[in-house]
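Quick look at model38.txt (compact mmCIF, C-alpha atoms):
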# COMPACT_ATOMS: atom_id res chain seq x y z
CA VAL X 77 -0.66 -13.10 -32.77
CA ASP X 78 -3.35 -15.67 -33.55
CA TYR X 79 -1.65 -18.18 -31.26
CA LEU X 80 -1.58 -15.64 -28.42
CA THR X 81 -5.12 -14.48 -29.08
CA TYR X 82 -6.84 -17.83 -29.52
CA GLN X 83 -4.77 -20.07 -27.27
CA CYS X 84 -2.42 -18.48 -24.71
CA VAL X 85 -4.74 -15.68 -23.59
CA HIS X 86 -7.26 -18.38 -22.59
CA SER X 87 -4.73 -20.70 -20.98
CA LEU X 88 -5.85 -22.44 -17.82
CA ASP X 89 -2.47 -21.57 -16.31
CA TYR X 90 -2.81 -18.12 -14.73
CA GLU X 91 0.86 -17.16 -15.14
CA ILE X 92 0.92 -18.15 -18.82
CA ARG X 93 -2.32 -16.25 -19.40
CA VAL X 94 -1.02 -13.01 -17.87
CA LEU X 95 2.38 -13.29 -19.58
CA SER X 96 0.67 -13.92 -22.92
CA VAL X 97 -1.51 -10.82 -22.66
CA LYS X 98 1.48 -8.67 -21.74
CA THR X 99 3.45 -10.17 -24.64
CA LEU X 100 0.56 -9.41 -27.00
CA ARG X 101 0.50 -5.83 -25.75
CA ARG X 102 4.26 -5.46 -26.30
CA PHE X 103 3.89 -6.76 -29.85
CA LEU X 104 1.00 -4.40 -30.64
CA GLU X 105 2.95 -1.47 -29.17
CA PHE X 106 5.82 -2.34 -31.50
CA VAL X 107 3.55 -2.64 -34.55
CA ASP X 108 1.82 0.64 -33.62
CA ASP X 109 -1.20 0.05 -35.83
CA LYS X 110 -4.39 1.34 -34.18
CA LEU X 111 -6.71 -0.37 -36.68
CA TYR X 112 -5.01 -3.70 -36.12
CA THR X 113 -5.28 -3.26 -32.36
CA GLU X 114 -8.98 -2.43 -32.73
CA ARG X 115 -9.54 -5.66 -34.64
CA ILE X 116 -7.89 -7.65 -31.86
CA LEU X 117 -10.04 -5.87 -29.27
CA ASP X 118 -13.16 -6.49 -31.35
CA ARG X 119 -12.39 -10.19 -31.25
CA PHE X 120 -12.15 -10.14 -27.45
CA LEU X 121 -15.24 -7.94 -27.00
CA THR X 122 -17.32 -10.17 -29.26
CA ASN X 123 -16.36 -13.18 -27.17
CA ILE X 124 -17.22 -11.27 -23.97
CA GLU X 125 -20.69 -10.54 -25.36
CA THR X 126 -21.07 -14.23 -26.12
CA TYR X 127 -19.90 -15.70 -22.83
CA LYS X 128 -19.88 -13.03 -20.10
CA PHE X 129 -18.61 -15.45 -17.49
CA SER X 130 -21.87 -17.33 -17.85
CA VAL X 131 -20.16 -20.67 -17.25
CA ILE X 132 -16.75 -21.73 -16.01
CA SER X 133 -15.21 -22.58 -19.36
CA ARG X 134 -11.91 -21.95 -21.05
CA LYS X 135 -13.44 -19.59 -23.60
CA GLU X 136 -14.17 -16.70 -21.23
CA ILE X 137 -10.97 -16.94 -19.20
CA GLY X 138 -8.64 -14.02 -19.83
CA LEU X 139 -10.98 -11.89 -21.95
CA TYR X 140 -11.55 -9.03 -19.50
CA TYR X 141 -7.87 -9.00 -18.54
CA ALA X 142 -6.86 -8.85 -22.21
CA VAL X 143 -9.18 -5.94 -22.96
CA ALA X 144 -7.91 -4.10 -19.87
CA GLU X 145 -4.30 -4.53 -21.03
CA LEU X 146 -4.93 -3.44 -24.62
CA LEU X 147 -7.21 -0.43 -24.05
CA PRO X 148 -4.30 1.95 -23.25
CA LEU X 149 -2.96 1.38 -26.78
CA LEU X 150 -5.89 3.30 -28.26
CA ASP X 151 -6.29 7.04 -28.57
CA LEU X 152 -8.35 8.31 -25.63
CA HIS X 153 -10.50 10.34 -28.03
CA ASP X 154 -10.84 7.50 -30.53
CA ASN X 155 -14.35 7.06 -31.92
CA TYR X 156 -13.88 3.34 -31.40
CA LEU X 157 -13.88 3.78 -27.61
CA ASN X 158 -16.82 6.17 -27.67
CA SER X 159 -18.89 3.74 -29.73
CA ILE X 160 -18.85 1.00 -27.07
CA ASP X 161 -21.35 0.73 -24.23
CA PHE X 162 -18.99 -0.75 -21.68
CA HIS X 163 -21.73 -1.19 -19.09
CA GLU X 164 -23.07 -3.97 -21.31
CA LEU X 165 -19.86 -5.90 -20.61
CA PHE X 166 -20.75 -6.10 -16.91
CA LYS X 167 -24.51 -6.49 -17.18
CA ASN X 168 -25.92 -9.37 -15.13
CA ILE X 169 -22.48 -10.58 -14.01
CA LYS X 170 -22.39 -11.78 -10.42
CA PHE X 171 -19.52 -12.95 -8.26
CA ASP X 172 -19.81 -15.75 -5.72
CA TYR X 173 -16.86 -15.26 -3.40
CA HIS X 174 -17.31 -18.80 -2.06
CA ARG X 175 -17.18 -20.59 -5.39
CA ASP X 176 -15.86 -18.37 -8.20
CA HIS X 177 -12.18 -18.42 -9.15
CA PHE X 178 -10.24 -15.33 -8.12
CA HIS X 179 -9.33 -14.50 -11.73
CA LYS X 180 -12.97 -13.71 -12.52
CA GLY X 181 -13.02 -11.00 -9.86
CA GLU X 182 -9.53 -9.76 -10.70
CA GLU X 183 -10.36 -9.33 -14.39
CA TYR X 184 -13.63 -7.57 -13.57
CA ILE X 185 -11.90 -5.06 -11.29
CA TYR X 186 -8.99 -4.54 -13.67
CA LEU X 187 -11.22 -3.68 -16.64
CA ILE X 188 -13.30 -1.23 -14.62
CA TYR X 189 -10.07 0.40 -13.42
CA ARG X 190 -8.88 0.82 -17.00
CA LEU X 191 -12.20 2.25 -18.14
CA ILE X 192 -12.22 4.86 -15.38
CA GLU X 193 -8.57 5.67 -16.08
CA LEU X 194 -9.03 6.10 -19.84
CA THR X 195 -12.66 7.14 -20.36
CA ASP X 196 -15.50 8.92 -18.59
CA PHE X 197 -16.89 5.58 -17.41
CA ALA X 198 -18.99 5.92 -14.23
CA ILE X 199 -19.65 2.86 -12.09
CA ASN X 200 -23.33 2.14 -11.54
CA ASP X 201 -24.91 0.59 -8.45
CA TYR X 202 -25.01 -2.92 -9.89
CA GLU X 203 -21.27 -2.76 -10.64
CA TYR X 204 -20.47 -1.35 -7.19
CA ASP X 205 -22.34 -4.24 -5.59
CA CYS X 206 -20.39 -6.72 -7.66
CA LEU X 207 -17.07 -5.02 -6.78
CA PHE X 208 -17.79 -5.24 -3.08
CA ASP X 209 -18.79 -8.89 -3.46
CA ILE X 210 -15.47 -9.58 -5.16
CA ILE X 211 -13.32 -8.13 -2.36
CA ARG X 212 -14.97 -10.49 0.10
CA GLN X 213 -12.65 -13.11 -1.39
CA ASN X 214 -9.27 -12.52 0.23
CA ASN X 215 -6.79 -12.93 -2.62
CA GLU X 216 -3.55 -11.08 -3.36
CA HIS X 217 -4.39 -10.56 -7.06
CA ILE X 218 -7.83 -9.16 -6.25
CA GLU X 219 -6.21 -6.97 -3.59
CA GLU X 220 -3.64 -5.59 -6.04
CA LYS X 221 -6.25 -4.66 -8.64
CA PHE X 222 -8.69 -3.20 -6.11
CA ILE X 223 -5.95 -0.94 -4.75
CA LEU X 224 -5.44 0.34 -8.31
CA LEU X 225 -9.17 0.93 -8.65
CA ALA X 226 -9.42 2.59 -5.23
CA SER X 227 -7.08 5.36 -6.38
CA LYS X 228 -9.67 6.28 -9.03
CA LEU X 229 -12.75 6.18 -6.81
CA LYS X 230 -13.31 9.87 -6.14
CA ASP X 231 -17.06 10.46 -6.11
CA ILE X 232 -18.21 7.20 -4.60
CA PRO X 233 -21.88 7.28 -3.44
CA THR X 234 -22.34 7.59 0.31
CA LYS X 235 -23.98 4.19 0.65
CA TYR X 236 -20.87 2.55 -0.80
CA SER X 237 -18.41 4.56 1.28
CA ASN X 238 -20.48 3.42 4.28
CA LYS X 239 -20.29 -0.12 2.96
CA TRP X 240 -16.50 0.22 2.70
CA ILE X 241 -16.31 1.21 6.37
CA HIS X 242 -18.74 -1.60 7.26
CA TYR X 243 -16.42 -4.10 5.57
CA ILE X 244 -13.44 -2.79 7.53
CA LYS X 245 -15.35 -3.06 10.81
CA ASN X 246 -16.08 -6.65 9.88
CA LYS X 247 -12.38 -7.37 9.35
CA ASN X 248 -12.14 -7.27 5.56
CA ILE X 249 -8.40 -6.98 4.87
CA ILE X 250 -8.70 -5.78 1.26
CA ALA X 251 -11.08 -2.98 2.29
CA ALA X 252 -8.65 -1.90 5.03
CA LYS X 253 -5.55 -2.00 2.82
CA SER X 254 -7.11 -0.15 -0.10
CA ILE X 255 -8.96 2.74 1.52
CA GLY X 256 -5.76 4.76 1.96
CA TYR X 257 -5.41 4.99 -1.82
CA SER X 258 -8.87 6.46 -2.29
CA PRO X 259 -10.02 10.05 -1.71
CA VAL X 260 -12.78 8.43 0.37
CA ILE X 261 -10.38 8.32 3.31
CA SER X 262 -10.36 12.10 3.66
CA VAL X 263 -13.99 12.09 4.83
CA GLU X 264 -13.77 8.77 6.69
CA LEU X 265 -10.53 9.39 8.62
CA LYS X 266 -12.25 9.87 11.99
CA ASN X 267 -14.23 6.66 11.49
CA LEU X 268 -11.02 4.80 10.77
CA MET X 269 -9.33 6.26 13.84
CA HIS X 270 -12.29 5.08 15.91
CA ILE X 271 -11.93 1.56 14.51
CA ILE X 272 -8.21 1.57 15.31
CA SER X 273 -8.74 2.74 18.88
CA ASN X 274 -11.75 0.51 19.65
CA PRO X 275 -10.48 -2.23 22.04
CA ASN X 276 -13.69 -4.26 21.59
CA ASN X 277 -13.02 -4.81 17.90
CA PHE X 278 -9.29 -5.57 17.98
CA ASP X 279 -7.74 -7.36 15.03
CA ALA X 280 -3.99 -6.98 14.49
CA GLY X 281 -4.24 -7.52 10.73
CA ILE X 282 -6.96 -4.90 10.27
CA LYS X 283 -5.29 -2.39 12.58
CA THR X 284 -1.92 -2.78 10.84
CA SER X 285 -3.57 -2.45 7.41
CA LEU X 286 -5.41 0.70 8.49
CA LEU X 287 -2.20 2.26 9.78
CA ASP X 288 -0.56 1.48 6.44
CA SER X 289 -3.56 3.02 4.65
CA ILE X 290 -3.43 6.18 6.75
CA SER X 291 0.30 6.42 6.11
CA THR X 292 -0.33 6.17 2.36
CA TYR X 293 -2.94 8.91 2.65
CA LEU X 294 -0.65 11.23 4.61
CA LYS X 295 2.36 10.80 2.31
CA ARG X 296 0.42 11.43 -0.91
CA GLY X 297 1.44 15.06 -0.64
CA SER X 298 -1.62 16.90 0.65
CA TYR X 299 0.04 17.73 3.97
CA HIS X 300 3.66 18.09 2.90
CA ASP X 301 3.74 21.85 2.67
CA GLU X 302 4.24 24.75 5.06
CA ASP X 303 0.87 24.20 6.69
CA ARG X 304 1.13 20.43 6.89
CA VAL X 305 0.77 20.19 10.67
CA SER X 306 -2.09 22.65 10.87
CA SER X 307 -3.80 21.03 7.85
CA ILE X 308 -4.69 17.97 9.85
CA GLU X 309 -6.02 17.88 13.38
CA ARG X 310 -3.20 17.59 15.88
CA GLY X 311 -5.37 15.24 17.91
CA ILE X 312 -5.36 12.69 15.09
CA LEU X 313 -1.56 12.73 14.91
CA LEU X 314 -1.31 12.31 18.67
CA ASP X 315 -3.82 9.45 18.51
CA LEU X 316 -1.69 7.76 15.87
CA LEU X 317 1.31 7.96 18.19
CA GLN X 318 -0.63 6.05 20.85
CA ASN X 319 -0.24 2.96 18.67
CA LEU X 320 3.45 2.93 19.57
CA ASP X 321 2.20 1.91 23.03
CA ASP X 322 0.16 -1.09 21.84
CA TYR X 323 1.21 -4.20 23.77
CA THR X 324 -1.86 -6.32 23.11
CA ILE X 325 -1.31 -9.98 23.95
CA THR X 326 -3.55 -12.77 22.67
CA ASN X 327 -3.21 -16.55 22.43
CA GLN X 328 -0.91 -15.80 19.48
CA GLY X 329 1.48 -13.89 21.73
CA ASP X 330 2.50 -10.23 21.51
CA VAL X 331 0.46 -9.26 18.45
CA GLY X 332 0.88 -5.64 19.49
CA HIS X 333 4.36 -5.67 17.99
CA PHE X 334 2.77 -5.66 14.52
CA ILE X 335 0.96 -2.44 15.48
CA ARG X 336 4.10 -0.86 16.93
CA GLU X 337 6.14 -1.65 13.84
CA ALA X 338 3.41 -0.36 11.52
CA SER X 339 3.34 2.87 13.55
CA ILE X 340 7.11 3.28 13.24
CA SER X 341 6.76 2.81 9.47
CA LEU X 342 3.98 5.42 9.37
CA ILE X 343 6.22 7.97 11.09
CA PHE X 344 9.21 7.07 8.90
CA GLN X 345 7.12 7.68 5.77
CA ASN X 346 5.85 11.03 7.11
CA LEU X 347 8.86 12.39 8.98
CA GLU X 348 8.17 16.06 8.31
CA LEU X 349 4.64 15.76 9.57
CA PHE X 350 5.76 14.36 12.93
CA THR X 351 9.02 16.24 13.50
CA THR X 352 8.39 19.83 12.42
CA ASP X 353 6.32 20.46 15.53
CA GLU X 354 8.49 20.12 18.67
CA THR X 355 5.64 18.80 20.82
CA LEU X 356 4.89 16.01 18.36
CA LYS X 357 8.58 15.26 17.95
CA PHE X 358 8.99 14.90 21.72
CA GLU X 359 6.04 12.48 21.88
CA VAL X 360 7.66 10.41 19.14
CA GLU X 361 11.14 10.53 20.63
CA LYS X 362 10.25 9.44 24.15
CA ARG X 363 8.46 6.38 22.77
CA LEU X 364 11.31 5.48 20.45
CA VAL X 365 13.76 5.52 23.37
CA ARG X 366 11.61 2.89 25.07
CA LEU X 367 11.02 0.85 21.94
CA SER X 368 14.73 0.75 21.12
CA CYS X 369 15.25 -1.34 24.27
CA GLU X 370 12.58 -3.94 23.52
CA ILE X 371 13.05 -7.70 23.17
CA MET X 372 11.84 -8.01 19.56
CA ASP X 373 14.86 -7.54 17.30
CA LYS X 374 13.14 -6.02 14.26
CA GLY X 375 11.06 -3.55 16.26
CA ARG X 376 14.05 -2.56 18.37
CA LEU X 377 16.25 -1.92 15.32
CA LYS X 378 13.54 0.04 13.51
CA ALA X 379 12.96 2.20 16.60
CA LEU X 380 16.66 2.98 17.02
CA LYS X 381 17.03 3.82 13.35
CA LEU X 382 14.11 6.26 13.49
CA LEU X 383 15.44 7.79 16.72
CA LEU X 384 18.79 8.46 15.05
CA ILE X 385 17.13 9.93 11.97
CA ILE X 386 14.77 12.37 13.68
CA ASN X 387 17.61 13.75 15.82
CA LYS X 388 20.24 13.64 13.05
CA TRP X 389 22.36 11.30 15.14
CA GLU X 390 23.32 8.97 12.28
CA SER X 391 26.99 9.59 13.06
CA TYR X 392 26.71 7.41 16.19
CA TYR X 393 26.03 4.41 14.01
CA LEU X 394 28.78 5.39 11.57
CA THR X 395 31.24 5.61 14.42
CA TYR X 396 30.27 2.13 15.54
CA GLN X 397 30.72 0.76 12.02
CA ASN X 398 34.17 2.29 11.70
CA LYS X 399 35.51 1.87 15.20
CA GLN X 400 37.81 -1.01 14.21
CA ASN X 401 39.57 1.06 11.55
CA LEU X 402 39.18 4.68 12.53
CA GLN X 403 40.43 6.60 15.52
CA LEU X 404 37.88 9.35 15.94
CA SER X 405 38.19 11.88 18.66
CA SER X 406 34.48 12.67 18.70
CA VAL X 407 31.17 11.70 17.16
CA LYS X 408 31.15 14.98 15.28
CA ASP X 409 34.26 13.95 13.34
CA ALA X 410 32.35 11.02 11.91
CA SER X 411 29.54 13.02 10.36
CA SER X 412 31.62 14.13 7.38
CA LEU X 413 32.31 10.50 6.52
CA ILE X 414 28.70 9.35 6.23
CA GLU X 415 28.38 9.85 2.49
CA SER X 416 31.88 8.65 1.63
CA GLN X 417 31.28 5.38 3.46
CA ASN X 418 27.84 4.94 1.80
CA LEU X 419 26.47 4.01 5.19
CA SER X 420 23.88 6.77 5.10
CA ASP X 421 21.88 4.74 2.59
CA VAL X 422 20.67 2.49 5.37
CA PHE X 423 18.88 5.50 6.89
CA HIS X 424 17.10 6.48 3.68
CA GLU X 425 15.62 3.06 2.92
CA GLU X 426 12.80 2.18 5.25
CA ASN X 427 13.21 -1.59 5.09
CA SER X 428 16.97 -1.66 5.61
CA LEU X 429 17.95 -2.47 9.19
CA LEU X 430 20.93 -1.46 11.26
CA THR X 431 23.35 -4.32 11.87
CA PHE X 432 25.43 -5.09 14.95
CA ASN X 433 28.02 -7.76 15.69
CA SER X 434 26.37 -8.64 18.98
CA ILE X 435 23.58 -7.69 21.34
CA SER X 436 26.26 -6.30 23.62
CA ASP X 437 27.41 -3.89 20.90
CA TYR X 438 23.83 -2.80 20.34
CA PHE X 439 23.15 -1.89 23.94
CA SER X 440 26.56 -0.28 24.31
CA LEU X 441 25.56 2.13 21.55
CA ILE X 442 22.18 2.71 23.20
CA LEU X 443 23.88 3.54 26.52
CA GLU X 444 26.31 5.87 24.81
CA ILE X 445 23.47 7.80 23.17
CA TYR X 446 21.52 7.89 26.43
CA ARG X 447 24.52 9.15 28.37
CA LYS X 448 25.59 11.85 25.91
CA GLU X 449 22.24 13.06 24.62
CA TYR X 450 20.02 12.72 27.67
CA LEU X 451 21.97 12.44 30.93
CA TYR X 452 24.46 15.15 30.01
CA GLN X 453 21.61 17.47 29.08
CA ILE X 454 19.95 16.87 32.46
CA LYS X 455 23.23 17.56 34.22
CA ASP X 456 23.79 20.76 32.23
CA ALA X 457 20.26 21.90 33.01
CA GLU X 458 20.91 21.45 36.71
Spit out the file's structure as structure tokens when you get a sec.
Amino acid sequence: VDYLTYQCVHSLDYEIRVLSVKTLRRFLEFVDDKLYTERILDRFLTNIETYKFSVISRKEIGLYYAVAELLPLLDLHDNYLNSIDFHELFKNIKFDYHRDHFHKGEEYIYLIYRLIELTDFAINDYEYDCLFDIIRQNNEHIEEKFILLASKLKDIPTKYSNKWIHYIKNKNIIAAKSIGYSPVISVELKNLMHIISNPNNFDAGIKTSLLDSISTYLKRGSYHDEDRVSSIERGILLDLLQNLDDYTITNQGDVGHFIREASISLIFQNLELFTTDETLKFEVEKRLVRLSCEIMDKGRLKALKLLLIINKWESYYLTYQNKQNLQLSSVKDASSLIESQNLSDVFHEENSLLTFNSISDYFSLILEIYRKEYLYQIKDAE
């Protein structure tokens, strides 16, 4: 324990540092001695009071991360937790997103997340300012921790929710990716839709991230009940579908395909929301028919897969997969074999793609679906 506490937790190697803290936590969980854990935490907290990121030295590296990892081992109602003024840990700390190492910001965010999760800690203005300075540094570790924190930010002051939107408008990826995890999005949804639809402020990365955020917001459960379609403005859902028509071309090529694919994923993750209402379903379906014939392989395959799912036409694909070994008289005969062949799994996992032996096979299946499900219906209607 001493070796982990005095050496490994402060390692200059980020991976060793994180692994060491998690190992220390596993050991303390096994020992299950609250007083012993408190002594370890006291050691870290004393060092934090001494250094507080005042200089870039080995001694302060890992301290905030270690405390964040070990806090869940204590009883939430423990007098030890109640005796600490945690705001003192963050007092006077600043983050320079140009010069500071990412771990400083990551540790800061992670500890605040833990405090909100486990105690009645309320972020003050100084800490909010520091948090928003940290996310100006685009780093995957900072992004991961801020997304965790975002899920706990319920009563964020208006000036900081406005600042969040301001960051998104100014193309801050972390702000765009994280807002869907926060209750803030429920009051800022129209602002986000405006950003997405504004052609004068186009950025494929921001737009894709916002669509992912909105998808996360929709699938959290608030709208997955009997009133799910009426719970959210139909106009917003229709506006979201317009992103399936995004064919923006820049000097980087067809960047619109990122938007189209993100929109397909949004619908896949919220199928009930978009398919319970027949009008919405029709708007989705007619776009998927077009998208399934596109040049881009991934987008084309994702569109076809979603088209088959929303219409319960999975058996077409099963028939294709079994055509070398099975003699089926009709597509309907294949439906009973979906589960036995384990091919239905590909339809339940968003990231799994349909596979075809050739492009010719793919478009043969498309033509078969078009002929049987669309042309025949037109003929019957006549």
query: Pick from X:Glu164, X:Asp373, X:Glu449, X:Asp353: nearest to Ile435 in chain X, with all atoms listed in the file counted?
result: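 Between X:Glu164, X:Asp373, X:Glu449, X:Asp353, the residue approaching Ile435 in chain X most closely is X:Asp373.
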Contact residues around Ile223 in chain X with only C-alpha atoms at 9 Å, ignoring same-chain residues under 5 positions, as a list in words: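 The residues satisfying every condition are Ile218, Ile250, Ala251, Lys253, Ser254, Ile255, Gly256, Tyr257 and Ser258 of chain X.
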message: I need every residue sitting at most 6 Å from the point (-13.1, -5.8, -18.1) (coordinates as in the file, all atoms listed in the file considered), written as a ChimeraX atom specification.
response: /X:140,144,183-184,187-188
Take the selection from the previous step and output its residues with C-alpha atoms, as a PDB file, in the coordinates of the input.
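Written out: part.pdb:
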ATOM      1  CA  TYR X 140     -11.550  -9.030 -19.500  1.00  0.00           C
ATOM      2  CA  ALA X 144      -7.910  -4.100 -19.870  1.00  0.00           C
ATOM      3  CA  GLU X 183     -10.360  -9.330 -14.390  1.00  0.00           C
ATOM      4  CA  TYR X 184     -13.630  -7.570 -13.570  1.00  0.00           C
ATOM      5  CA  LEU X 187     -11.220  -3.680 -16.640  1.00  0.00           C
ATOM      6  CA  ILE X 188     -13.300  -1.230 -14.620  1.00  0.00           C
TER       7      ILE X 188
END
- request: Could you give me, as a ChimeraX atom specification, the residues within 10 Å of range 260-270 of chain X, counting only C-alpha atoms and dropping anything in the same chain fewer than 2 positions from it?
  value: /X:226-227,229-234,237-238,240-241,244-245,252,254-258,272-275,283,286-287,289-290,293-294,312,315-316
- request: Find the distance between CA of Glu105 in chain X and CA of Leu146 in chain X and write it in Å to one decimal.
  value: 9.3 Å
Dump as a Markdown table the rows for residues of range 342-377 of chain X within 10 Å of range 318-326 of chain X: closest atom pair and distance in Å with one decimal, all atoms listed in the file counted, ordered by chain and rising residue number.
| residue | atom | partner | partner_atom | distance |
| --- | --- | --- | --- | --- |
| X:Glu359 | CA | X:Gln318 | CA | 9.3 |
| X:Val360 | CA | X:Leu320 | CA | 8.6 |
| X:Arg363 | CA | X:Leu320 | CA | 6.9 |
| X:Leu364 | CA | X:Leu320 | CA | 8.3 |
| X:Arg366 | CA | X:Asp321 | CA | 9.7 |
| X:Leu367 | CA | X:Leu320 | CA | 8.2 |
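The smallest atom-to-atom distance between Ala379 in chain X and any of X:Leu194, X:Val77, X:Ile160, X:Ile442, using all atoms listed in the file, is found for X:Ile442.
The coordinates place CA of Arg190 in chain X at 28.8 Å from CA of Asn246 in chain X.
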Counting only C-alpha atoms, which residues of range 158-244 of chain X sit at most 12 Å from some atom of range 90-102 of chain X, and what is each one's closest atom pair with its distance in Å to one decimal, listed by chain and rising residue number, as a Markdown table?
| residue | atom | partner | partner_atom | distance |
| --- | --- | --- | --- | --- |
| X:His177 | CA | X:Tyr90 | CA | 10.9 |
| X:Phe178 | CA | X:Tyr90 | CA | 10.3 |
| X:His179 | CA | X:Tyr90 | CA | 8.0 |
| X:Lys180 | CA | X:Tyr90 | CA | 11.3 |
| X:Glu182 | CA | X:Tyr90 | CA | 11.5 |
| X:Glu183 | CA | X:Val94 | CA | 10.6 |
| X:His217 | CA | X:Tyr90 | CA | 10.9 |
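Using only C-alpha atoms, the protein and nucleic acid residues lying no more than 7 Å from Ile210 in chain X, apart from those fewer than 6 places from it along its own chain, are Phe171, Tyr173 and Gly181 of chain X.
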- request: Would you work out the distance separating CA of Lys167 in chain X from CA of Asn200 in chain X, expressed in Å to one decimal?
  value: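 Straight-line distance from CA of Lys167 in chain X to CA of Asn200 in chain X works out to 10.4 Å.
Residue nearest His174 in chain X, chosen from X:Ile211, X:Leu147, X:Ile116, X:Cys369 and counting only C-alpha atoms: X:Ile211.
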message: Could you check the closest approach to Ile137 in chain X for each of X:Ile185, X:Val85, X:Asp172, X:Asp118 and tell me which residue wins, using all atoms listed in the file?
response: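 Going through X:Ile185, X:Val85, X:Asp172, X:Asp118 one by one, the smallest distance to Ile137 in chain X is for X:Val85.
The smallest atom-to-atom distance between Tyr438 in chain X and any of X:Leu377, X:Val365, X:Glu425, X:Asn398, using only C-alpha atoms, is found for X:Leu377.
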task: Would you list the contacts of Phe423 in chain X as a list in words, taking every protein, DNA or RNA residue within 9 Å and counting all atoms listed in the file, but skipping same-chain residues closer than 3 positions in sequence?
output: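 Within the cut-off, the hits are Lys381, Leu382, Leu384, Ile385, Glu390, Leu419, Ser420, Glu426, Ser428, Leu429 and Leu430 of chain X.
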